file coords33.csv (CSV, C-alpha atoms)
chain,number,residue,atom,x,y,z
A,1,MET,CA,102.6,103.0,84.2
A,2,ARG,CA,105.9,102.1,82.7
A,3,LYS,CA,106.3,99.8,79.7
A,4,ALA,CA,108.5,97.4,81.8
A,5,LEU,CA,105.4,96.7,84.0
A,6,THR,CA,104.1,93.9,81.8
A,7,ALA,CA,107.3,92.7,80.3
A,8,GLY,CA,109.8,93.0,83.1
A,9,LEU,CA,110.4,89.6,84.6
A,10,THR,CA,109.3,87.8,81.4
A,11,GLY,CA,111.9,89.7,79.5
A,12,VAL,CA,114.6,88.8,82.1
A,13,LEU,CA,113.8,85.1,82.0
A,14,LEU,CA,113.7,84.9,78.2
A,15,THR,CA,116.9,86.8,77.6
A,16,ALA,CA,118.7,84.9,80.4
A,17,SER,CA,117.6,81.4,79.7
A,18,ALA,CA,120.8,80.4,77.9
A,19,ALA,CA,122.8,81.4,80.9
A,20,VAL,CA,121.1,79.2,83.4
A,21,ALA,CA,121.9,75.5,83.8
A,22,ALA,CA,119.3,73.0,85.1
A,23,ALA,CA,120.7,72.0,88.4
A,24,ALA,CA,119.6,72.0,92.1
A,25,PRO,CA,117.2,74.7,93.2
A,26,VAL,CA,118.8,78.0,93.8
A,27,ARG,CA,119.1,78.8,97.5
A,28,LEU,CA,117.5,82.3,97.5
A,29,ALA,CA,117.6,84.7,100.4
A,30,LEU,CA,116.6,88.2,101.3
A,31,PRO,CA,118.7,90.7,103.2
A,32,ALA,CA,118.2,90.5,107.0
A,33,PRO,CA,116.3,93.5,108.5
A,34,THR,CA,118.5,95.7,110.6
A,35,GLY,CA,116.0,97.4,113.0
A,36,PRO,CA,115.9,96.7,116.7
A,37,TYR,CA,112.9,94.3,116.6
A,38,ALA,CA,112.4,90.8,115.5
A,39,VAL,CA,109.7,90.4,112.8
A,40,GLY,CA,106.4,88.5,113.1
A,41,SER,CA,104.0,87.7,110.4
A,42,THR,CA,100.4,86.6,110.0
A,43,GLU,CA,97.9,86.4,107.0
A,44,LEU,CA,94.4,87.7,106.8
A,45,HIS,CA,91.7,86.5,104.5
A,46,LEU,CA,89.3,89.5,103.9
A,47,VAL,CA,86.0,89.3,102.2
A,48,ASP,CA,84.3,92.4,100.9
A,49,SER,CA,80.7,91.0,100.9
A,50,GLY,CA,79.2,94.2,99.5
A,51,ARG,CA,81.4,94.3,96.3
A,52,ALA,CA,81.5,92.1,93.3
A,53,ASP,CA,84.8,91.0,91.9
A,54,PRO,CA,85.4,93.0,88.7
A,55,TRP,CA,87.5,90.4,87.0
A,56,VAL,CA,85.4,87.2,87.6
A,57,ALA,CA,81.7,87.5,87.1
A,58,GLY,CA,79.4,86.2,89.8
A,59,THR,CA,82.0,86.3,92.6
A,60,THR,CA,82.6,88.4,95.6
A,61,ARG,CA,85.8,90.4,96.0
A,62,GLU,CA,88.2,88.6,98.3
A,63,LEU,CA,91.7,89.6,99.3
A,64,MET,CA,94.7,88.1,101.0
A,65,VAL,CA,97.0,90.4,103.0
A,66,THR,CA,100.2,89.8,104.9
A,67,VAL,CA,100.6,91.6,108.2
A,68,ARG,CA,104.2,92.0,109.6
A,69,TYR,CA,104.9,93.6,112.9
A,70,PRO,CA,107.6,94.1,115.5
A,71,ALA,CA,107.7,90.8,117.5
A,72,ARG,CA,109.2,89.3,120.6
A,73,PRO,CA,112.2,87.0,119.9
A,74,GLY,CA,111.4,83.4,119.1
A,75,GLY,CA,107.9,82.5,118.0
A,76,GLY,CA,106.8,80.2,115.2
A,77,PRO,CA,108.5,78.9,112.1
A,78,LYS,CA,109.8,81.4,109.5
A,79,ALA,CA,107.2,82.4,107.0
A,80,PRO,CA,107.8,81.3,103.4
A,81,TYR,CA,108.3,83.9,100.7
A,82,LEU,CA,105.3,82.5,98.8
A,83,THR,CA,102.9,79.9,100.0
A,84,PRO,CA,103.1,76.5,98.3
A,85,GLY,CA,99.9,77.0,96.3
A,86,ALA,CA,101.1,80.4,94.9
A,87,ALA,CA,104.8,79.4,94.6
A,88,GLY,CA,104.0,76.4,92.4
A,89,PRO,CA,102.3,78.2,89.6
A,90,VAL,CA,104.9,81.0,89.7
A,91,ALA,CA,107.8,78.5,89.6
A,92,GLY,CA,106.1,76.6,86.8
A,93,GLN,CA,105.6,79.7,84.7
A,94,ASP,CA,109.1,80.9,85.2
A,95,ALA,CA,110.7,77.5,84.7
A,96,ASN,CA,108.8,77.1,81.4
A,97,LEU,CA,110.3,80.4,80.2
A,98,LEU,CA,113.8,79.3,81.3
A,99,GLY,CA,113.5,75.8,79.8
A,100,ILE,CA,114.4,74.1,83.1
A,101,PRO,CA,112.5,71.8,85.5
A,102,ALA,CA,110.1,73.6,87.8
A,103,ASP,CA,111.9,72.4,90.9
A,104,ARG,CA,114.9,74.5,89.8
A,105,LEU,CA,113.2,77.5,91.3
A,106,ASP,CA,112.1,77.3,94.9
A,107,TYR,CA,109.9,80.3,95.9
A,108,THR,CA,109.0,78.8,99.3
A,109,PHE,CA,112.4,79.9,100.7
A,110,PRO,CA,112.2,81.2,104.3
A,111,THR,CA,111.9,84.9,105.0
A,112,HIS,CA,113.0,86.6,108.3
A,113,ALA,CA,109.5,86.9,109.8
A,114,ARG,CA,108.2,84.2,112.2
A,115,THR,CA,104.6,83.1,111.7
A,116,GLY,CA,102.4,84.1,114.7
A,117,ALA,CA,105.2,85.3,116.9
A,118,PRO,CA,103.9,87.4,119.8
A,119,ALA,CA,103.9,91.1,119.1
A,120,VAL,CA,105.9,93.7,121.0
A,121,GLY,CA,103.4,95.7,123.1
A,122,GLY,CA,102.0,99.1,122.3
A,123,PRO,CA,100.0,100.5,119.4
A,124,ARG,CA,102.2,100.7,116.3
A,125,PRO,CA,101.9,103.0,113.2
A,126,VAL,CA,100.7,101.2,110.1
A,127,VAL,CA,102.3,101.2,106.6
A,128,LEU,CA,100.3,99.7,103.6
A,129,TYR,CA,101.9,98.2,100.5
A,130,SER,CA,100.5,97.8,97.0
A,131,PRO,CA,102.7,95.9,94.4
A,132,SER,CA,103.1,96.5,90.7
A,133,ALA,CA,100.4,95.3,88.4
A,134,GLN,CA,100.4,91.6,87.7
A,135,PHE,CA,102.8,90.9,90.6
A,136,PRO,CA,102.1,89.4,94.0
A,137,ARG,CA,102.4,91.2,97.4
A,138,SER,CA,105.5,89.2,98.1
A,139,VAL,CA,107.7,91.3,95.8
A,140,GLY,CA,108.1,94.0,98.6
A,141,THR,CA,109.0,91.6,101.3
A,142,ALA,CA,112.5,92.9,102.0
A,143,GLN,CA,111.3,96.5,102.4
A,144,LEU,CA,108.3,95.5,104.5
A,145,GLU,CA,110.4,93.3,106.9
A,146,GLN,CA,112.8,96.2,107.3
A,147,LEU,CA,110.0,98.6,108.3
A,148,ALA,CA,108.5,96.0,110.7
A,149,SER,CA,111.9,95.6,112.3
A,150,GLU,CA,111.9,99.4,112.8
A,151,GLY,CA,108.6,99.3,114.7
A,152,TYR,CA,105.8,99.6,112.1
A,153,VAL,CA,102.9,97.2,111.4
A,154,THR,CA,103.1,96.7,107.6
A,155,VAL,CA,100.2,95.4,105.5
A,156,ALA,CA,100.9,94.0,102.0
A,157,VAL,CA,97.9,93.5,99.8
A,158,ASP,CA,97.4,91.1,96.9
A,159,HIS,CA,95.0,92.5,94.3
A,160,THR,CA,93.3,89.3,93.5
A,161,HIS,CA,93.4,88.0,89.9
A,162,GLU,CA,96.4,90.3,89.0
A,163,PRO,CA,99.3,88.0,90.1
A,164,ALA,CA,99.9,84.6,88.6
A,165,ALA,CA,98.3,83.0,91.7
A,166,VAL,CA,96.8,84.0,95.1
A,167,GLU,CA,96.4,81.2,97.6
A,168,PHE,CA,93.5,81.4,100.1
A,169,PRO,CA,92.9,79.3,103.2
A,170,GLY,CA,92.3,75.7,102.6
A,171,GLY,CA,94.6,75.6,99.5
A,172,ARG,CA,92.2,77.3,97.1
A,173,VAL,CA,94.2,79.2,94.4
A,174,GLU,CA,92.8,82.0,92.4
A,175,PRO,CA,94.6,82.4,89.1
A,176,GLN,CA,95.5,85.5,87.1
A,177,VAL,CA,92.8,87.0,85.0
A,178,ARG,CA,93.9,89.5,82.3
A,179,PRO,CA,91.7,92.6,82.3
A,180,PRO,CA,90.4,93.7,79.0
A,181,ALA,CA,92.4,96.1,76.9
A,182,GLY,CA,91.9,99.7,78.0
A,183,ALA,CA,90.9,98.7,81.5
A,184,GLY,CA,93.6,100.8,83.2
A,185,LYS,CA,91.2,103.1,85.0
A,186,GLN,CA,89.1,100.1,86.2
A,187,LEU,CA,92.3,98.4,87.4
A,188,ILE,CA,93.4,101.4,89.5
A,189,ALA,CA,89.8,102.0,90.7
A,190,THR,CA,89.7,98.4,91.9
A,191,ARG,CA,93.0,98.7,93.6
A,192,VAL,CA,91.9,101.9,95.4
A,193,ALA,CA,88.7,100.2,96.5
A,194,ASP,CA,90.8,97.2,97.8
A,195,ILE,CA,93.0,99.5,99.9
A,196,ARG,CA,90.1,101.4,101.4
A,197,PHE,CA,88.3,98.1,102.3
A,198,VAL,CA,91.5,96.9,103.9
A,199,LEU,CA,91.7,100.1,106.0
A,200,GLY,CA,88.2,99.4,107.2
A,201,GLU,CA,89.1,95.9,108.2
A,202,LEU,CA,92.2,97.2,110.0
A,203,GLU,CA,89.9,99.4,112.0
A,204,VAL,CA,88.1,96.3,113.1
A,205,LEU,CA,91.4,94.8,114.2
A,206,ALA,CA,92.4,97.9,116.0
A,207,ARG,CA,89.2,97.8,118.0
A,208,GLY,CA,90.0,94.2,119.2
A,209,GLY,CA,88.0,92.4,116.6
A,210,ASN,CA,89.1,89.7,114.1
A,211,PRO,CA,88.4,90.5,110.5
A,212,ASP,CA,89.8,87.2,109.2
A,213,ALA,CA,87.1,85.3,107.3
A,214,GLU,CA,88.0,82.1,109.1
A,215,ARG,CA,88.5,83.8,112.4
A,216,ARG,CA,92.0,82.3,112.7
A,217,GLU,CA,93.9,83.2,115.8
A,218,LEU,CA,95.7,86.5,115.7
A,219,PRO,CA,99.2,87.0,117.2
A,220,ALA,CA,99.2,88.0,120.9
A,221,GLY,CA,99.7,91.6,121.5
A,222,LEU,CA,99.2,92.9,118.0
A,223,SER,CA,98.0,96.5,118.3
A,224,LEU,CA,97.6,99.2,115.6
A,225,ASP,CA,97.6,102.9,115.8
A,226,LEU,CA,95.5,104.1,112.9
A,227,THR,CA,96.0,107.7,113.6
A,228,ARG,CA,99.4,107.2,112.0
A,229,VAL,CA,99.0,105.5,108.6
A,230,GLY,CA,101.4,105.5,105.6
A,231,MET,CA,101.4,103.8,102.3
A,232,PHE,CA,103.8,103.0,99.4
A,233,GLY,CA,103.9,100.9,96.3
A,234,HIS,CA,105.9,100.0,93.3
A,235,SER,CA,104.9,101.1,89.8
A,236,ALA,CA,101.1,100.7,89.6
A,237,GLY,CA,101.2,100.4,93.4
A,238,GLY,CA,102.7,103.8,93.6
A,239,PHE,CA,99.9,105.2,91.4
A,240,THR,CA,97.5,103.3,93.6
A,241,THR,CA,99.0,105.0,96.7
A,242,GLY,CA,98.5,108.5,95.3
A,243,GLU,CA,94.9,107.8,94.0
A,244,THR,CA,94.0,106.3,97.4
A,245,MET,CA,95.3,109.3,99.2
A,246,VAL,CA,93.1,111.6,97.1
A,247,ALA,CA,90.0,109.5,98.0
A,248,ASP,CA,90.8,108.7,101.6
A,249,ARG,CA,92.3,111.0,104.2
A,250,ARG,CA,93.1,108.1,106.6
A,251,ILE,CA,96.5,107.9,104.9
A,252,ASP,CA,98.9,110.5,106.2
A,253,ALA,CA,101.9,110.0,104.0
A,254,GLY,CA,102.7,108.2,100.8
A,255,ALA,CA,105.5,107.1,98.5
A,256,ASP,CA,105.6,106.1,94.8
A,257,LEU,CA,108.4,103.8,93.9
A,258,ASP,CA,109.1,104.4,90.1
A,259,GLY,CA,105.4,104.4,89.1
A,260,SER,CA,104.0,106.8,86.5
A,261,MET,CA,100.7,108.3,87.4
A,262,ALA,CA,99.2,108.4,84.0
A,263,TYR,CA,96.6,106.2,82.2
A,264,SER,CA,98.1,107.6,78.9
A,265,GLN,CA,101.1,109.8,78.8
A,266,ARG,CA,100.5,110.6,75.1
A,267,ASP,CA,97.0,111.9,75.8
A,268,ARG,CA,98.0,113.5,79.1
A,269,ASP,CA,95.3,111.4,80.8
A,270,PHE,CA,96.5,111.6,84.4
A,271,GLY,CA,95.1,110.4,87.7
A,272,ARG,CA,93.4,112.7,90.2
A,273,VAL,CA,96.4,112.8,92.4
A,274,VAL,CA,98.3,114.5,89.5
A,275,THR,CA,95.7,117.1,88.6
A,276,GLU,CA,94.6,117.8,92.2
A,277,GLY,CA,97.8,117.3,94.1
A,278,LEU,CA,97.8,116.4,97.8
A,279,ASP,CA,98.1,118.4,101.1
A,280,ARG,CA,100.1,115.6,102.7
A,281,PRO,CA,103.7,114.5,102.3
A,282,PHE,CA,104.7,112.4,99.3
A,283,LEU,CA,108.0,110.8,98.3
A,284,LEU,CA,108.8,110.1,94.6
A,285,MET,CA,111.6,107.5,94.1
A,286,SER,CA,112.8,106.6,90.6
A,287,ALA,CA,115.5,104.7,88.8
A,288,GLY,CA,117.4,104.7,85.5
A,289,ASN,CA,116.2,107.3,83.1
A,290,HIS,CA,112.8,107.7,84.8
A,291,SER,CA,112.2,110.9,86.7
A,292,ALA,CA,110.1,114.0,86.6
A,293,ALA,CA,112.3,115.1,83.7
A,294,SER,CA,111.0,112.3,81.6
A,295,ASP,CA,107.5,111.7,83.1
A,296,ALA,CA,104.8,114.3,82.3
A,297,SER,CA,102.6,112.9,85.0
A,298,TRP,CA,105.3,113.6,87.7
A,299,GLN,CA,105.8,117.1,86.3
A,300,GLU,CA,102.2,117.9,86.6
A,301,PHE,CA,102.0,116.4,90.0
A,302,LEU,CA,104.9,118.5,91.3
A,303,ARG,CA,103.1,121.6,90.0
A,304,ASN,CA,99.9,120.8,91.9
A,305,GLN,CA,101.4,119.2,95.1
A,306,ARG,CA,100.7,121.3,98.2
A,307,GLY,CA,102.3,119.1,100.8
A,308,TRP,CA,105.9,118.2,101.4
A,309,ILE,CA,107.5,116.6,98.4
A,310,ARG,CA,110.9,115.1,97.5
A,311,GLU,CA,112.2,113.3,94.5
A,312,LEU,CA,115.0,110.7,94.8
A,313,ARG,CA,116.6,108.7,92.0
A,314,VAL,CA,118.9,105.7,91.7
A,315,PRO,CA,120.5,106.6,88.4
A,316,ASP,CA,122.2,103.2,87.8
A,317,GLY,CA,119.2,101.2,88.9
A,318,GLU,CA,116.1,100.3,86.9
A,319,HIS,CA,112.4,99.7,87.3
A,320,PHE,CA,112.5,96.5,89.2
A,321,SER,CA,115.2,97.7,91.5
A,322,TYR,CA,112.4,98.8,93.8
A,323,THR,CA,111.3,95.2,94.3
A,324,ASP,CA,112.9,92.1,95.7
A,325,TYR,CA,114.2,91.3,92.2
A,326,GLN,CA,117.0,93.7,92.9
A,327,VAL,CA,118.5,91.3,95.4
A,328,LEU,CA,117.0,88.0,94.1
A,329,LEU,CA,118.0,88.1,90.4
A,330,PRO,CA,121.7,88.4,91.0
A,331,GLN,CA,121.6,85.2,93.1
A,332,LEU,CA,120.4,83.2,90.0
A,333,GLY,CA,123.8,83.5,88.3
A,334,LEU,CA,122.4,85.2,85.2
A,335,ASP,CA,124.5,87.2,82.8
A,336,PRO,CA,124.5,90.7,84.3
A,337,ALA,CA,124.0,92.3,80.9
A,338,ALA,CA,120.8,90.3,80.5
A,339,VAL,CA,119.2,91.6,83.7
A,340,ALA,CA,120.6,95.2,83.6
A,341,PRO,CA,117.5,96.5,81.7
A,342,TYR,CA,115.4,95.5,84.7
A,343,ILE,CA,117.5,95.9,87.8
A,344,GLY,CA,120.3,98.1,86.4
A,345,THR,CA,124.0,97.9,87.0
A,346,VAL,CA,123.8,99.2,90.6
A,347,ASP,CA,125.3,97.1,93.4
A,348,ALA,CA,122.3,95.3,94.8
A,349,GLU,CA,123.3,95.8,98.4
A,350,ARG,CA,123.9,99.5,97.9
A,351,SER,CA,120.6,99.9,96.1
A,352,PHE,CA,118.6,98.2,98.8
A,353,ALA,CA,120.4,100.2,101.5
A,354,THR,CA,119.4,103.4,99.7
A,355,GLN,CA,115.8,102.4,99.6
A,356,ARG,CA,115.8,101.2,103.2
A,357,THR,CA,117.3,104.5,104.4
A,358,ALA,CA,115.0,106.7,102.4
A,359,LEU,CA,111.7,104.9,103.3
A,360,GLY,CA,112.7,104.6,106.9
A,361,ALA,CA,113.5,108.2,107.3
A,362,PHE,CA,110.4,109.3,105.4
A,363,PHE,CA,107.9,107.3,107.5
A,364,CYS,CA,109.8,108.1,110.7
A,365,ARG,CA,109.4,111.8,110.0
A,366,TYR,CA,105.7,111.7,109.2
A,367,LEU,CA,104.4,108.8,111.3
A,368,ALA,CA,106.4,109.1,114.5
A,369,ARG,CA,104.8,110.9,117.4
A,370,GLY,CA,106.0,114.4,117.8
call {"tool": "encode", "arguments": {"input": "coords33.csv", "output": "structure tokens"}}
result
Amino acid sequence: MRKALTAGLTGVLLTASAAVAAAAPVRLALPAPTGPYAVGSTELHLVDSGRADPWVAGTTRELMVTVRYPARPGGGPKAPYLTPGAAGPVAGQDANLLGIPADRLDYTFPTHARTGAPAVGGPRPVVLYSPSAQFPRSVGTAQLEQLASEGYVTVAVDHTHEPAAVEFPGGRVEPQVRPPAGAGKQLIATRVADIRFVLGELEVLARGGNPDAERRELPAGLSLDLTRVGMFGHSAGGFTTGETMVADRRIDAGADLDGSMAYSQRDRDFGRVVTEGLDRPFLLMSAGNHSAASDASWQEFLRNQRGWIRELRVPDGEHFSYTDYQVLLPQLGLDPAAVAPYIGTVDAERSFATQRTALGAFFCRYLARG
């Protein structure tokens, strides 16, 4: 996992603090999805009653996921980027680094998905999303809304206790818990177990059941085709994608967005996906100076991969170009030189269009009926 993983946004905020004036909250917005469908959204609270949480002793593993889907026009209110309970801690943390009031940053801005909107009929292929370590599931919202507008049901997973905050029903907020040093293998193993559990809960949903712990009402017409499942993730989420595919054949195609697949590059301590390869299609997307030419784990993976493989790179992007920060950070009015190490110098609109096209074509090719 790349060094920018733990220092990325923190570094941006620290270096840019002098360039931001304390004023009214910034009116943030994501690019509108361009597919033929409107987008609906619902959240699921999933409880893995048979598994202890590895980061908080004496508790059961619980997850929050956001399900987005092709929807009929209209529906409920637009879903917020982050729920109030999660947005508050994140805004407070970031504002402290910026030296500005917390209300300068409003992370509850509306997305393009409408809460609880009726789904378009017909079983839809599913795409799972795992974010980078220590970041919430919201950081892939623009990519996920785009895929939902193209006809997929997308499922974004929060790996509880990694992000600054995860809000559960009733307003309960679970904070970040730093794993002990050297716990990289446990972190990835926990993430893989999270995804495999979510897949099982989606099977309940596909059979007409309701896996939500509170049994909250599901959107009308929501239907999943679990014979067509893809997954992608950013950074540690890309590593998680590969490791999950090794362990679970229910995933048909995967993509790694700028994530190394090594626990230690120096010691050549790689994941199973690297040493064993896959017999299913896999897309590698990188940015800046990261590519197979510089990443030994990618080099080894390419040697062992037996399925379709392609590597794409955005040379003037950077690590966080593959998250919503690519389009959100420029809206803050920061000095471009301060954010370039994190989102590069690439035009944000062009960068997102490249990602949108590549992911859409990849999943269309391998998840569409044919």
call {"tool": "closest_residue", "arguments": {"input": "coords33.csv", "among": "A:Met231, A:Val173, A:Ala117, A:Leu257", "to": "A:Glu217", "atoms": "all atoms listed in the file"}}
result
A:Ala117
call {"tool": "residues_near_point", "arguments": {"input": "coords33.csv", "point": "(81.6, 83.0, 95.3)", "cutoff": "12 Å", "atoms": "all atoms listed in the file", "output": "PyMOL selection string"}}
result
chain A and resi 47-49+51-53+56-62+174
call {"tool": "atom_distance", "arguments": {"input": "coords33.csv", "atom1": "atom CA of A:Val198", "atom2": "atom CA of A:Asp212"}}
result
11.2 Å
call {"tool": "atom_distance", "arguments": {"input": "coords33.csv", "atom1": "atom CA of A:Ile188", "atom2": "atom CA of A:Met285"}}
result
19.7 Å
call {"tool": "closest_residue", "arguments": {"input": "coords33.csv", "among": "A:Arg172, A:Arg72, A:Arg196, A:Arg104", "to": "A:Ala86", "atoms": "only C-alpha atoms"}}
result
A:Arg172
